[in-house]
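Text of upload_20.txt, listed as compact mmCIF, C-alpha atoms and all ligand atoms:
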# COMPACT_ATOMS: atom_id res chain seq x y z
CA MET R 24 -54.81 -21.95 -17.74
CA THR R 25 -55.56 -20.55 -14.29
CA THR R 26 -52.69 -18.79 -12.58
CA ALA R 27 -52.65 -19.62 -8.89
CA LEU R 28 -49.91 -17.22 -7.89
CA ARG R 29 -48.37 -14.30 -9.71
CA THR R 30 -45.92 -11.69 -8.52
CA GLU R 31 -44.95 -8.59 -10.45
CA GLY R 32 -41.64 -6.91 -9.69
CA LEU R 33 -41.84 -7.84 -6.03
CA SER R 34 -39.08 -6.08 -4.07
CA LYS R 35 -38.05 -5.65 -0.45
CA SER R 36 -35.32 -3.46 0.97
CA TRP R 37 -34.21 -2.64 4.46
CA GLY R 38 -32.46 0.70 4.43
CA GLY R 39 -30.02 0.33 1.56
CA PHE R 40 -30.01 -3.47 1.64
CA VAL R 41 -32.01 -5.14 -1.13
CA ALA R 42 -33.27 -8.57 0.00
CA ASN R 43 -35.66 -9.11 -2.94
CA SER R 44 -35.30 -7.29 -6.24
CA GLN R 45 -37.95 -7.30 -8.97
CA ILE R 46 -39.16 -10.85 -8.56
CA SER R 47 -41.81 -11.73 -11.15
CA LEU R 48 -43.08 -15.26 -10.88
CA SER R 49 -46.10 -17.04 -12.27
CA LEU R 50 -47.34 -20.41 -11.00
CA PRO R 51 -50.13 -22.17 -12.88
CA LYS R 52 -52.68 -24.11 -10.87
CA GLY R 53 -51.16 -27.42 -9.74
CA ALA R 54 -47.55 -26.24 -9.98
CA ARG R 55 -44.80 -27.96 -8.01
CA HIS R 56 -42.35 -25.12 -8.02
CA ALA R 57 -39.07 -24.95 -6.12
CA LEU R 58 -37.29 -21.79 -5.08
CA ILE R 59 -33.59 -22.41 -4.62
CA GLY R 60 -30.49 -20.32 -4.05
CA PRO R 61 -27.59 -19.88 -1.66
CA ASN R 62 -28.05 -18.92 1.97
CA GLY R 63 -29.18 -15.33 2.29
CA ALA R 64 -30.47 -15.22 -1.32
CA GLY R 65 -33.81 -13.88 -0.10
CA LYS R 66 -35.96 -17.02 -0.36
CA SER R 67 -37.63 -16.75 3.05
CA THR R 68 -38.11 -13.02 2.54
CA PHE R 69 -40.01 -13.77 -0.67
CA ILE R 70 -42.34 -16.23 1.13
CA ASN R 71 -42.90 -13.62 3.84
CA LEU R 72 -43.91 -11.09 1.19
CA LEU R 73 -46.34 -13.62 -0.28
CA THR R 74 -47.99 -14.39 3.05
CA GLY R 75 -48.11 -10.75 4.15
CA VAL R 76 -45.80 -11.19 7.13
CA LEU R 77 -43.66 -8.53 5.44
CA ALA R 78 -44.85 -5.58 3.35
CA PRO R 79 -43.10 -5.18 -0.01
CA SER R 80 -41.16 -2.03 -0.87
CA SER R 81 -42.71 -2.29 -4.33
CA GLY R 82 -44.42 -4.79 -6.60
CA GLU R 83 -47.61 -6.80 -6.50
CA VAL R 84 -48.92 -10.20 -5.41
CA PHE R 85 -51.92 -11.88 -7.05
CA LEU R 86 -53.62 -14.98 -5.64
CA MET R 87 -55.98 -16.75 -8.05
CA GLY R 88 -56.07 -13.55 -10.08
CA GLU R 89 -56.95 -11.33 -7.14
CA ARG R 90 -54.54 -8.62 -5.99
CA VAL R 91 -53.65 -9.37 -2.37
CA THR R 92 -50.48 -7.25 -2.06
CA HIS R 93 -51.71 -5.28 0.92
CA LEU R 94 -54.02 -7.78 2.59
CA ALA R 95 -53.29 -8.97 6.13
CA PRO R 96 -51.98 -12.54 6.46
CA HIS R 97 -55.31 -13.91 7.76
CA GLU R 98 -57.15 -12.38 4.80
CA ARG R 99 -54.81 -14.26 2.45
CA VAL R 100 -55.40 -17.46 4.42
CA LYS R 101 -59.15 -16.97 3.91
CA ARG R 102 -58.52 -16.73 0.18
CA GLY R 103 -56.65 -20.01 0.07
CA MET R 104 -53.02 -19.31 0.94
CA ALA R 105 -51.40 -21.53 3.55
CA ARG R 106 -47.97 -21.95 4.98
CA THR R 107 -46.70 -24.33 7.62
CA PHE R 108 -47.16 -23.28 11.22
CA GLN R 109 -44.45 -23.51 13.80
CA ILE R 110 -45.74 -26.48 15.71
CA ASN R 111 -43.92 -25.62 18.91
CA THR R 112 -45.93 -22.47 19.40
CA LEU R 113 -49.23 -24.02 18.37
CA PHE R 114 -51.71 -25.99 20.47
CA PRO R 115 -49.33 -27.14 23.21
CA GLY R 116 -50.68 -30.19 25.03
CA LEU R 117 -53.11 -31.27 22.31
CA THR R 118 -52.89 -34.58 20.53
CA VAL R 119 -52.31 -34.79 16.80
CA LEU R 120 -56.01 -35.51 16.16
CA GLU R 121 -57.20 -32.69 18.44
CA SER R 122 -54.85 -30.21 16.75
CA VAL R 123 -56.07 -31.11 13.28
CA VAL R 124 -59.74 -31.03 14.35
CA LEU R 125 -59.17 -27.56 15.77
CA ALA R 126 -57.53 -26.39 12.55
CA ILE R 127 -60.43 -27.76 10.50
CA CYS R 128 -62.87 -25.96 12.79
CA GLU R 129 -61.02 -22.69 12.30
CA ARG R 130 -61.40 -23.02 8.57
CA SER R 131 -65.08 -23.88 8.70
CA GLY R 132 -65.77 -21.09 11.16
CA ALA R 133 -66.90 -23.60 13.76
CA ALA R 134 -64.84 -21.96 16.48
CA ARG R 135 -67.50 -22.84 19.07
CA ILE R 136 -67.00 -26.52 18.34
CA TRP R 137 -66.04 -27.38 21.92
CA HIS R 138 -69.47 -26.21 23.08
CA ARG R 139 -71.04 -28.93 20.98
CA THR R 140 -71.50 -32.59 21.72
CA VAL R 141 -69.09 -35.13 20.29
CA ALA R 142 -71.79 -36.16 17.81
CA GLY R 143 -71.98 -32.54 16.67
CA ARG R 144 -68.28 -32.60 15.83
CA ARG R 145 -68.47 -35.79 13.82
CA ALA R 146 -67.90 -34.20 10.41
CA GLU R 147 -64.75 -32.39 11.54
CA ILE R 148 -63.40 -35.49 13.29
CA ASP R 149 -64.01 -37.66 10.22
CA GLU R 150 -62.28 -35.12 8.01
CA ALA R 151 -59.32 -35.01 10.42
CA TRP R 152 -58.97 -38.82 10.30
CA ASP R 153 -58.99 -38.72 6.48
CA LEU R 154 -56.30 -36.09 6.43
CA LEU R 155 -54.17 -37.97 8.97
CA ALA R 156 -54.49 -41.18 6.98
CA ARG R 157 -53.33 -39.43 3.81
CA LEU R 158 -50.23 -38.23 5.65
CA HIS R 159 -49.65 -41.59 7.35
CA LEU R 160 -50.14 -39.85 10.68
CA ASP R 161 -53.16 -41.86 11.80
CA ARG R 162 -51.11 -44.18 13.98
CA ASP R 163 -49.95 -41.14 15.97
CA ALA R 164 -53.42 -39.56 16.22
CA ASP R 165 -53.79 -39.91 19.99
CA ARG R 166 -50.28 -38.87 20.93
CA PRO R 167 -49.50 -35.34 22.05
CA THR R 168 -47.95 -33.66 19.02
CA ARG R 169 -44.95 -32.52 21.01
CA SER R 170 -44.12 -36.05 22.11
CA LEU R 171 -43.52 -37.11 18.48
CA PRO R 172 -40.09 -37.29 16.84
CA TYR R 173 -39.21 -34.04 15.10
CA GLY R 174 -39.84 -35.37 11.58
CA ARG R 175 -43.37 -36.46 12.52
CA GLN R 176 -44.01 -33.04 14.06
CA ARG R 177 -43.11 -31.44 10.76
CA LEU R 178 -45.67 -33.67 9.07
CA VAL R 179 -48.26 -32.44 11.57
CA GLU R 180 -47.37 -28.88 10.55
CA ILE R 181 -48.22 -29.82 6.99
CA ALA R 182 -51.47 -31.47 8.15
CA LEU R 183 -52.44 -28.24 9.93
CA ALA R 184 -51.72 -26.20 6.82
CA LEU R 185 -53.78 -28.63 4.71
CA ALA R 186 -56.68 -28.44 7.17
CA ALA R 187 -57.29 -24.96 5.75
CA ARG R 188 -57.89 -26.62 2.33
CA PRO R 189 -55.43 -24.28 0.67
CA LYS R 190 -55.25 -23.49 -3.01
CA LEU R 191 -51.65 -22.42 -2.58
CA LEU R 192 -49.28 -24.12 -0.14
CA LEU R 193 -46.01 -22.37 0.74
CA LEU R 194 -43.30 -24.51 2.32
CA ASP R 195 -40.10 -22.98 3.63
CA GLU R 196 -37.68 -25.90 4.00
CA PRO R 197 -40.28 -28.39 5.22
CA ALA R 198 -37.62 -31.03 5.83
CA ALA R 199 -35.09 -28.79 7.58
CA GLY R 200 -33.43 -30.47 10.52
CA ILE R 201 -34.77 -33.92 9.64
CA PRO R 202 -32.48 -36.90 8.99
CA THR R 203 -32.15 -37.65 5.25
CA GLY R 204 -34.20 -40.86 5.27
CA GLU R 205 -37.19 -39.13 6.84
CA SER R 206 -36.99 -35.96 4.74
CA SER R 207 -37.79 -38.02 1.70
CA GLU R 208 -40.99 -39.22 3.46
CA ILE R 209 -42.10 -35.60 3.89
CA PHE R 210 -41.64 -34.99 0.18
CA ASP R 211 -43.45 -38.21 -0.71
CA VAL R 212 -46.43 -36.85 1.18
CA ILE R 213 -46.13 -33.49 -0.56
CA ALA R 214 -45.88 -35.22 -3.94
CA GLY R 215 -49.05 -37.16 -3.18
CA LEU R 216 -51.17 -34.05 -2.61
CA PRO R 217 -53.96 -33.49 -5.12
CA ASP R 218 -53.20 -31.43 -8.20
CA ASP R 219 -55.63 -28.67 -7.25
CA VAL R 220 -53.14 -27.62 -4.56
CA THR R 221 -50.43 -25.40 -6.02
CA ILE R 222 -47.13 -25.76 -4.19
CA LEU R 223 -44.17 -23.41 -3.89
CA PHE R 224 -41.36 -24.82 -1.79
CA ILE R 225 -37.90 -23.85 -0.65
CA GLU R 226 -35.47 -26.73 -0.23
CA HIS R 227 -31.70 -26.83 0.00
CA ASP R 228 -31.28 -30.56 -0.70
CA MET R 229 -30.83 -30.65 -4.48
CA ASP R 230 -31.74 -34.34 -4.74
CA LEU R 231 -35.16 -33.57 -3.25
CA VAL R 232 -35.55 -30.47 -5.42
CA PHE R 233 -34.82 -32.34 -8.63
CA ARG R 234 -37.09 -35.21 -7.63
CA PHE R 235 -40.15 -33.20 -6.68
CA ALA R 236 -40.09 -29.90 -8.57
CA ARG R 237 -41.56 -29.56 -12.04
CA ARG R 238 -40.09 -26.09 -12.35
CA ILE R 239 -37.35 -24.30 -10.45
CA THR R 240 -36.51 -20.64 -9.90
CA VAL R 241 -32.97 -19.82 -8.85
CA LEU R 242 -32.57 -16.77 -6.65
CA VAL R 243 -29.18 -15.15 -6.16
CA GLY R 244 -28.58 -11.97 -4.20
CA GLY R 245 -32.33 -11.29 -4.10
CA LYS R 246 -32.69 -11.49 -7.89
CA PRO R 247 -34.04 -14.30 -10.05
CA LEU R 248 -31.06 -15.74 -11.96
CA THR R 249 -33.06 -18.15 -14.09
CA GLU R 250 -36.14 -20.35 -14.18
CA GLY R 251 -36.69 -23.69 -15.87
CA THR R 252 -37.37 -27.40 -15.66
CA PRO R 253 -35.09 -29.50 -13.44
CA ASP R 254 -33.18 -30.64 -16.56
CA GLU R 255 -32.67 -27.07 -17.74
CA ILE R 256 -31.53 -25.91 -14.32
CA ALA R 257 -29.17 -28.86 -13.87
CA ALA R 258 -27.55 -28.09 -17.23
CA ASP R 259 -27.23 -24.32 -16.64
CA PRO R 260 -23.57 -23.38 -16.13
CA ARG R 261 -24.55 -20.19 -14.25
CA VAL R 262 -26.40 -22.26 -11.68
CA ARG R 263 -23.44 -24.62 -11.26
CA GLU R 264 -21.17 -21.65 -10.76
CA VAL R 265 -23.40 -20.29 -7.99
CA TYR R 266 -23.41 -23.59 -6.14
CA LEU R 267 -19.76 -24.41 -6.65
CA GLY R 268 -18.87 -20.95 -5.41
CA GLU R 269 -20.79 -21.43 -2.17
P1 LIG I 1 -32.73 -17.15 2.57
O1 LIG I 1 -34.06 -17.64 3.08
O2 LIG I 1 -32.60 -17.27 1.08
O3 LIG I 1 -31.57 -17.80 3.25
P2 LIG I 1 -33.53 -14.62 3.74
O4 LIG I 1 -34.72 -14.20 2.93
O5 LIG I 1 -33.80 -15.19 5.08
O6 LIG I 1 -32.60 -15.59 2.88
O7 LIG I 1 -32.59 -13.37 3.93
C1 LIG I 1 -32.13 -12.58 2.85
C2 LIG I 1 -31.29 -11.44 3.38
O8 LIG I 1 -32.14 -10.49 4.03
C3 LIG I 1 -30.26 -11.89 4.41
O9 LIG I 1 -29.05 -11.19 4.16
C4 LIG I 1 -30.85 -11.49 5.73
O10 LIG I 1 -29.85 -11.17 6.66
C5 LIG I 1 -31.67 -10.25 5.34
N1 LIG I 1 -32.84 -10.08 6.23
C6 LIG I 1 -33.81 -10.99 6.46
N2 LIG I 1 -34.73 -10.50 7.31
C7 LIG I 1 -34.32 -9.24 7.64
C8 LIG I 1 -34.85 -8.19 8.49
N3 LIG I 1 -36.00 -8.37 9.16
N4 LIG I 1 -34.15 -7.04 8.57
C9 LIG I 1 -33.01 -6.87 7.86
N5 LIG I 1 -32.47 -7.80 7.05
C10 LIG I 1 -33.11 -8.97 6.94
MG MG I 2 -34.57 -19.12 4.49
Translate the structure of the given file into structure tokens.
Amino acid sequence: MTTALRTEGLSKSWGGFVANSQISLSLPKGARHALIGPNGAGKSTFINLLTGVLAPSSGEVFLMGERVTHLAPHERVKRGMARTFQINTLFPGLTVLESVVLAICERSGAARIWHRTVAGRRAEIDEAWDLLARLHLDRDADRPTRSLPYGRQRLVEIALALAARPKLLLLDEPAAGIPTGESSEIFDVIAGLPDDVTILFIEHDMDLVFRFARRITVLVGGKPLTEGTPDEIAADPRVREVYLGE
């Protein structure tokens, strides 16, 4: 079985403070893996080590079998790693469709797209419409992204990440700040993604975690406490203790 993501003893300290300690994780291709743990457990730090936003103090990261530990973030993106963008800093003023077309062009190296005629952009525009339809965003295609309700904007973030055709998608609380009814819609979309996309997500809503994860890693104080199926994690007294003690 192909391993999409593997870390070996990944650690990060600041001065004497250990944010991630010896995290070894292996995600087979197609995984739907949740990373959970109390606030400050080191979940976002771990994602930042994976994407290259932070450099590890020690340990290794492998993407599709290739060691990427010291590659710059954009080099990892080229190799198929994607995370959600912060929409508010990206493409201000563009519509949803324009933003996604631009993201597709970045992937395909067609950065000079705007120099071409509309006919010359047809392939990218068609692909953008397909992607928007899959995420139920097509009805908002011509609206400026920033004019959408917050939950829809977060869906656009996912569309932009998917425009890169990632092999590995990293989601740090994709439904944060969204009313409960709508957060489930985000996860429905995520659940509907094709199996060749491997997904690692952080989510604090346990109902969503147990519904959408096939495996779960519990992080406490920067260290993996345990890993298992949702049933195993739900039945683990150590995990209950961590959450009851919060
Ligand atoms: P989580 O996402 O699980 O809530 P984080 O990974 O954001 O946790 O943070 C883990 C710990 O590392 C926290 O105690 C946080 O204060 C600390 N931390 C995060 N980023 C930095 C940084 N740049 N410098 C120093 N400490 C940091
Ligand atoms: Mg976090």
Find the residues around stretch 93-110 of chain R up to 8 Å (only C-alpha atoms counted), leave out those fewer than 5 positions away in its own chain, and share them as a PDB file with C-alpha atoms, keeping the file's coordinate frame.
ATOM      1  CA  THR R  74     -47.990 -14.390   3.050  1.00  0.00           C
ATOM      2  CA  GLY R  75     -48.110 -10.750   4.150  1.00  0.00           C
ATOM      3  CA  VAL R  76     -45.800 -11.190   7.130  1.00  0.00           C
ATOM      4  CA  ALA R  78     -44.850  -5.580   3.350  1.00  0.00           C
ATOM      5  CA  LEU R  86     -53.620 -14.980  -5.640  1.00  0.00           C
ATOM      6  CA  ARG R 130     -61.400 -23.020   8.570  1.00  0.00           C
ATOM      7  CA  GLN R 176     -44.010 -33.040  14.060  1.00  0.00           C
ATOM      8  CA  ARG R 177     -43.110 -31.440  10.760  1.00  0.00           C
ATOM      9  CA  VAL R 179     -48.260 -32.440  11.570  1.00  0.00           C
ATOM     10  CA  GLU R 180     -47.370 -28.880  10.550  1.00  0.00           C
ATOM     11  CA  ILE R 181     -48.220 -29.820   6.990  1.00  0.00           C
ATOM     12  CA  LEU R 183     -52.440 -28.240   9.930  1.00  0.00           C
ATOM     13  CA  ALA R 184     -51.720 -26.200   6.820  1.00  0.00           C
ATOM     14  CA  LEU R 185     -53.780 -28.630   4.710  1.00  0.00           C
ATOM     15  CA  ALA R 187     -57.290 -24.960   5.750  1.00  0.00           C
ATOM     16  CA  ARG R 188     -57.890 -26.620   2.330  1.00  0.00           C
ATOM     17  CA  PRO R 189     -55.430 -24.280   0.670  1.00  0.00           C
ATOM     18  CA  LYS R 190     -55.250 -23.490  -3.010  1.00  0.00           C
ATOM     19  CA  LEU R 191     -51.650 -22.420  -2.580  1.00  0.00           C
ATOM     20  CA  LEU R 192     -49.280 -24.120  -0.140  1.00  0.00           C
ATOM     21  CA  LEU R 193     -46.010 -22.370   0.740  1.00  0.00           C
ATOM     22  CA  LEU R 194     -43.300 -24.510   2.320  1.00  0.00           C
ATOM     23  CA  ASP R 195     -40.100 -22.980   3.630  1.00  0.00           C
ATOM     24  CA  PRO R 197     -40.280 -28.390   5.220  1.00  0.00           C
TER      25      PRO R 197
END
Practice item. Considering all atoms listed in the file, return as an NGL selection string whatever protein or nucleic-acid residues lie within 8 Å of R:Ala42, sequence-local ones (same chain, fewer than 6 positions apart) excluded. Key: :R and (34-36 or 64-65 or 68 or 244-245)
Check your understanding: Which is closest to ligand LIG 1 (chain I) among R:Ala198, R:Ile70, R:Ala236, R:Ala214, if we use all atoms listed in the file?
Key ->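 Smallest distance to ligand LIG 1 (chain I) is found for R:Ile70.
With distances taken over all atoms listed in the file, R:His227 is the one residue among R:Arg238, R:His227, R:His56, R:Arg263 lying closest to ligand MG 2 (chain I).
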Check your understanding: Mind pulling up the distance from atom CA of R:Ile59 to atom CA of R:Thr249?
Key ->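 Distance between the two atoms: 10.4 Å.
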Exercise for review: Find the residue from R:Glu226, R:Asp165, R:Glu255, R:Glu89 that sits nearest to R:Gly116; use all atoms listed in the file when measuring.
Suggested key: R:Asp165
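Atom CA of R:Met87 is found 6.1 Å from atom CA of R:Leu28.
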Repaired coordinates for stretch 156-192 of chain R (N, CA and C atoms) as a PDB file, in the frame of the given file:
ATOM      1  N   ALA R 156     -54.777 -39.945   7.713  1.00  0.00           N
ATOM      2  CA  ALA R 156     -54.490 -41.180   6.980  1.00  0.00           C
ATOM      3  C   ALA R 156     -53.684 -40.874   5.724  1.00  0.00           C
ATOM      4  N   ARG R 157     -54.045 -39.798   5.033  1.00  0.00           N
ATOM      5  CA  ARG R 157     -53.330 -39.430   3.810  1.00  0.00           C
ATOM      6  C   ARG R 157     -51.861 -39.123   4.091  1.00  0.00           C
ATOM      7  N   LEU R 158     -51.599 -38.590   5.294  1.00  0.00           N
ATOM      8  CA  LEU R 158     -50.230 -38.230   5.650  1.00  0.00           C
ATOM      9  C   LEU R 158     -49.541 -39.324   6.479  1.00  0.00           C
ATOM     10  N   HIS R 159     -50.176 -40.484   6.556  1.00  0.00           N
ATOM     11  CA  HIS R 159     -49.650 -41.590   7.350  1.00  0.00           C
ATOM     12  C   HIS R 159     -49.404 -41.176   8.793  1.00  0.00           C
ATOM     13  N   LEU R 160     -50.274 -40.312   9.295  1.00  0.00           N
ATOM     14  CA  LEU R 160     -50.140 -39.850  10.680  1.00  0.00           C
ATOM     15  C   LEU R 160     -51.192 -40.494  11.583  1.00  0.00           C
ATOM     16  N   ASP R 161     -52.047 -41.346  11.000  1.00  0.00           N
ATOM     17  CA  ASP R 161     -53.160 -41.860  11.800  1.00  0.00           C
ATOM     18  C   ASP R 161     -52.699 -42.688  13.007  1.00  0.00           C
ATOM     19  N   ARG R 162     -51.563 -43.370  12.840  1.00  0.00           N
ATOM     20  CA  ARG R 162     -51.110 -44.180  13.980  1.00  0.00           C
ATOM     21  C   ARG R 162     -50.626 -43.321  15.155  1.00  0.00           C
ATOM     22  N   ASP R 163     -50.375 -42.045  14.900  1.00  0.00           N
ATOM     23  CA  ASP R 163     -49.950 -41.140  15.970  1.00  0.00           C
ATOM     24  C   ASP R 163     -51.080 -40.243  16.468  1.00  0.00           C
ATOM     25  N   ALA R 164     -52.301 -40.489  15.993  1.00  0.00           N
ATOM     26  CA  ALA R 164     -53.420 -39.560  16.220  1.00  0.00           C
ATOM     27  C   ALA R 164     -53.616 -39.194  17.695  1.00  0.00           C
ATOM     28  N   ASP R 165     -53.469 -40.169  18.582  1.00  0.00           N
ATOM     29  CA  ASP R 165     -53.790 -39.910  19.990  1.00  0.00           C
ATOM     30  C   ASP R 165     -52.587 -39.518  20.834  1.00  0.00           C
ATOM     31  N   ARG R 166     -51.474 -39.302  20.167  1.00  0.00           N
ATOM     32  CA  ARG R 166     -50.280 -38.870  20.930  1.00  0.00           C
ATOM     33  C   ARG R 166     -50.188 -37.354  20.942  1.00  0.00           C
ATOM     34  N   PRO R 167     -49.726 -36.791  22.057  1.00  0.00           N
ATOM     35  CA  PRO R 167     -49.500 -35.340  22.050  1.00  0.00           C
ATOM     36  C   PRO R 167     -48.486 -34.998  20.956  1.00  0.00           C
ATOM     37  N   THR R 168     -48.803 -33.988  20.161  1.00  0.00           N
ATOM     38  CA  THR R 168     -47.950 -33.660  19.020  1.00  0.00           C
ATOM     39  C   THR R 168     -46.492 -33.481  19.447  1.00  0.00           C
ATOM     40  N   ARG R 169     -46.319 -32.820  20.592  1.00  0.00           N
ATOM     41  CA  ARG R 169     -44.950 -32.520  21.010  1.00  0.00           C
ATOM     42  C   ARG R 169     -44.163 -33.732  21.478  1.00  0.00           C
ATOM     43  N   SER R 170     -44.845 -34.858  21.676  1.00  0.00           N
ATOM     44  CA  SER R 170     -44.120 -36.050  22.110  1.00  0.00           C
ATOM     45  C   SER R 170     -43.592 -36.827  20.895  1.00  0.00           C
ATOM     46  N   LEU R 171     -43.946 -36.390  19.685  1.00  0.00           N
ATOM     47  CA  LEU R 171     -43.520 -37.110  18.480  1.00  0.00           C
ATOM     48  C   LEU R 171     -42.084 -36.747  18.118  1.00  0.00           C
ATOM     49  N   PRO R 172     -41.403 -37.661  17.378  1.00  0.00           N
ATOM     50  CA  PRO R 172     -40.090 -37.290  16.840  1.00  0.00           C
ATOM     51  C   PRO R 172     -40.246 -36.066  15.937  1.00  0.00           C
ATOM     52  N   TYR R 173     -39.176 -35.314  15.815  1.00  0.00           N
ATOM     53  CA  TYR R 173     -39.210 -34.040  15.100  1.00  0.00           C
ATOM     54  C   TYR R 173     -39.779 -34.152  13.683  1.00  0.00           C
ATOM     55  N   GLY R 174     -39.379 -35.191  12.967  1.00  0.00           N
ATOM     56  CA  GLY R 174     -39.840 -35.370  11.580  1.00  0.00           C
ATOM     57  C   GLY R 174     -41.358 -35.544  11.502  1.00  0.00           C
ATOM     58  N   ARG R 175     -41.917 -36.267  12.479  1.00  0.00           N
ATOM     59  CA  ARG R 175     -43.370 -36.460  12.520  1.00  0.00           C
ATOM     60  C   ARG R 175     -44.058 -35.129  12.857  1.00  0.00           C
ATOM     61  N   GLN R 176     -43.437 -34.348  13.723  1.00  0.00           N
ATOM     62  CA  GLN R 176     -44.010 -33.040  14.060  1.00  0.00           C
ATOM     63  C   GLN R 176     -44.096 -32.151  12.829  1.00  0.00           C
ATOM     64  N   ARG R 177     -43.083 -32.253  11.972  1.00  0.00           N
ATOM     65  CA  ARG R 177     -43.110 -31.440  10.760  1.00  0.00           C
ATOM     66  C   ARG R 177     -44.225 -31.886   9.821  1.00  0.00           C
ATOM     67  N   LEU R 178     -44.526 -33.170   9.852  1.00  0.00           N
ATOM     68  CA  LEU R 178     -45.670 -33.670   9.070  1.00  0.00           C
ATOM     69  C   LEU R 178     -46.978 -33.120   9.627  1.00  0.00           C
ATOM     70  N   VAL R 179     -47.053 -33.014  10.963  1.00  0.00           N
ATOM     71  CA  VAL R 179     -48.260 -32.440  11.570  1.00  0.00           C
ATOM     72  C   VAL R 179     -48.420 -30.977  11.139  1.00  0.00           C
ATOM     73  N   GLU R 180     -47.294 -30.258  11.044  1.00  0.00           N
ATOM     74  CA  GLU R 180     -47.370 -28.880  10.550  1.00  0.00           C
ATOM     75  C   GLU R 180     -48.025 -28.830   9.174  1.00  0.00           C
ATOM     76  N   ILE R 181     -47.640 -29.788   8.339  1.00  0.00           N
ATOM     77  CA  ILE R 181     -48.220 -29.820   6.990  1.00  0.00           C
ATOM     78  C   ILE R 181     -49.709 -30.183   7.071  1.00  0.00           C
ATOM     79  N   ALA R 182     -50.050 -31.103   7.965  1.00  0.00           N
ATOM     80  CA  ALA R 182     -51.470 -31.470   8.150  1.00  0.00           C
ATOM     81  C   ALA R 182     -52.279 -30.234   8.571  1.00  0.00           C
ATOM     82  N   LEU R 183     -51.723 -29.430   9.466  1.00  0.00           N
ATOM     83  CA  LEU R 183     -52.440 -28.240   9.930  1.00  0.00           C
ATOM     84  C   LEU R 183     -52.620 -27.236   8.801  1.00  0.00           C
ATOM     85  N   ALA R 184     -51.602 -27.103   7.966  1.00  0.00           N
ATOM     86  CA  ALA R 184     -51.720 -26.200   6.820  1.00  0.00           C
ATOM     87  C   ALA R 184     -52.790 -26.722   5.859  1.00  0.00           C
ATOM     88  N   LEU R 185     -52.819 -28.042   5.653  1.00  0.00           N
ATOM     89  CA  LEU R 185     -53.780 -28.630   4.710  1.00  0.00           C
ATOM     90  C   LEU R 185     -55.210 -28.572   5.242  1.00  0.00           C
ATOM     91  N   ALA R 186     -55.340 -28.512   6.565  1.00  0.00           N
ATOM     92  CA  ALA R 186     -56.680 -28.440   7.170  1.00  0.00           C
ATOM     93  C   ALA R 186     -57.423 -27.195   6.689  1.00  0.00           C
ATOM     94  N   ALA R 187     -56.668 -26.190   6.270  1.00  0.00           N
ATOM     95  CA  ALA R 187     -57.290 -24.960   5.750  1.00  0.00           C
ATOM     96  C   ALA R 187     -57.780 -25.142   4.314  1.00  0.00           C
ATOM     97  N   ARG R 188     -57.563 -26.340   3.742  1.00  0.00           N
ATOM     98  CA  ARG R 188     -57.890 -26.620   2.330  1.00  0.00           C
ATOM     99  C   ARG R 188     -57.346 -25.548   1.403  1.00  0.00           C
ATOM    100  N   PRO R 189     -56.024 -25.372   1.433  1.00  0.00           N
ATOM    101  CA  PRO R 189     -55.430 -24.280   0.670  1.00  0.00           C
ATOM    102  C   PRO R 189     -55.434 -24.523  -0.836  1.00  0.00           C
ATOM    103  N   LYS R 190     -55.465 -23.427  -1.570  1.00  0.00           N
ATOM    104  CA  LYS R 190     -55.250 -23.490  -3.010  1.00  0.00           C
ATOM    105  C   LYS R 190     -53.763 -23.372  -3.297  1.00  0.00           C
ATOM    106  N   LEU R 191     -53.087 -22.626  -2.436  1.00  0.00           N
ATOM    107  CA  LEU R 191     -51.650 -22.420  -2.580  1.00  0.00           C
ATOM    108  C   LEU R 191     -50.965 -22.773  -1.260  1.00  0.00           C
ATOM    109  N   LEU R 192     -50.008 -23.696  -1.336  1.00  0.00           N
ATOM    110  CA  LEU R 192     -49.280 -24.120  -0.140  1.00  0.00           C
ATOM    111  C   LEU R 192     -47.834 -23.658  -0.255  1.00  0.00           C
TER     112      LEU R 192
END
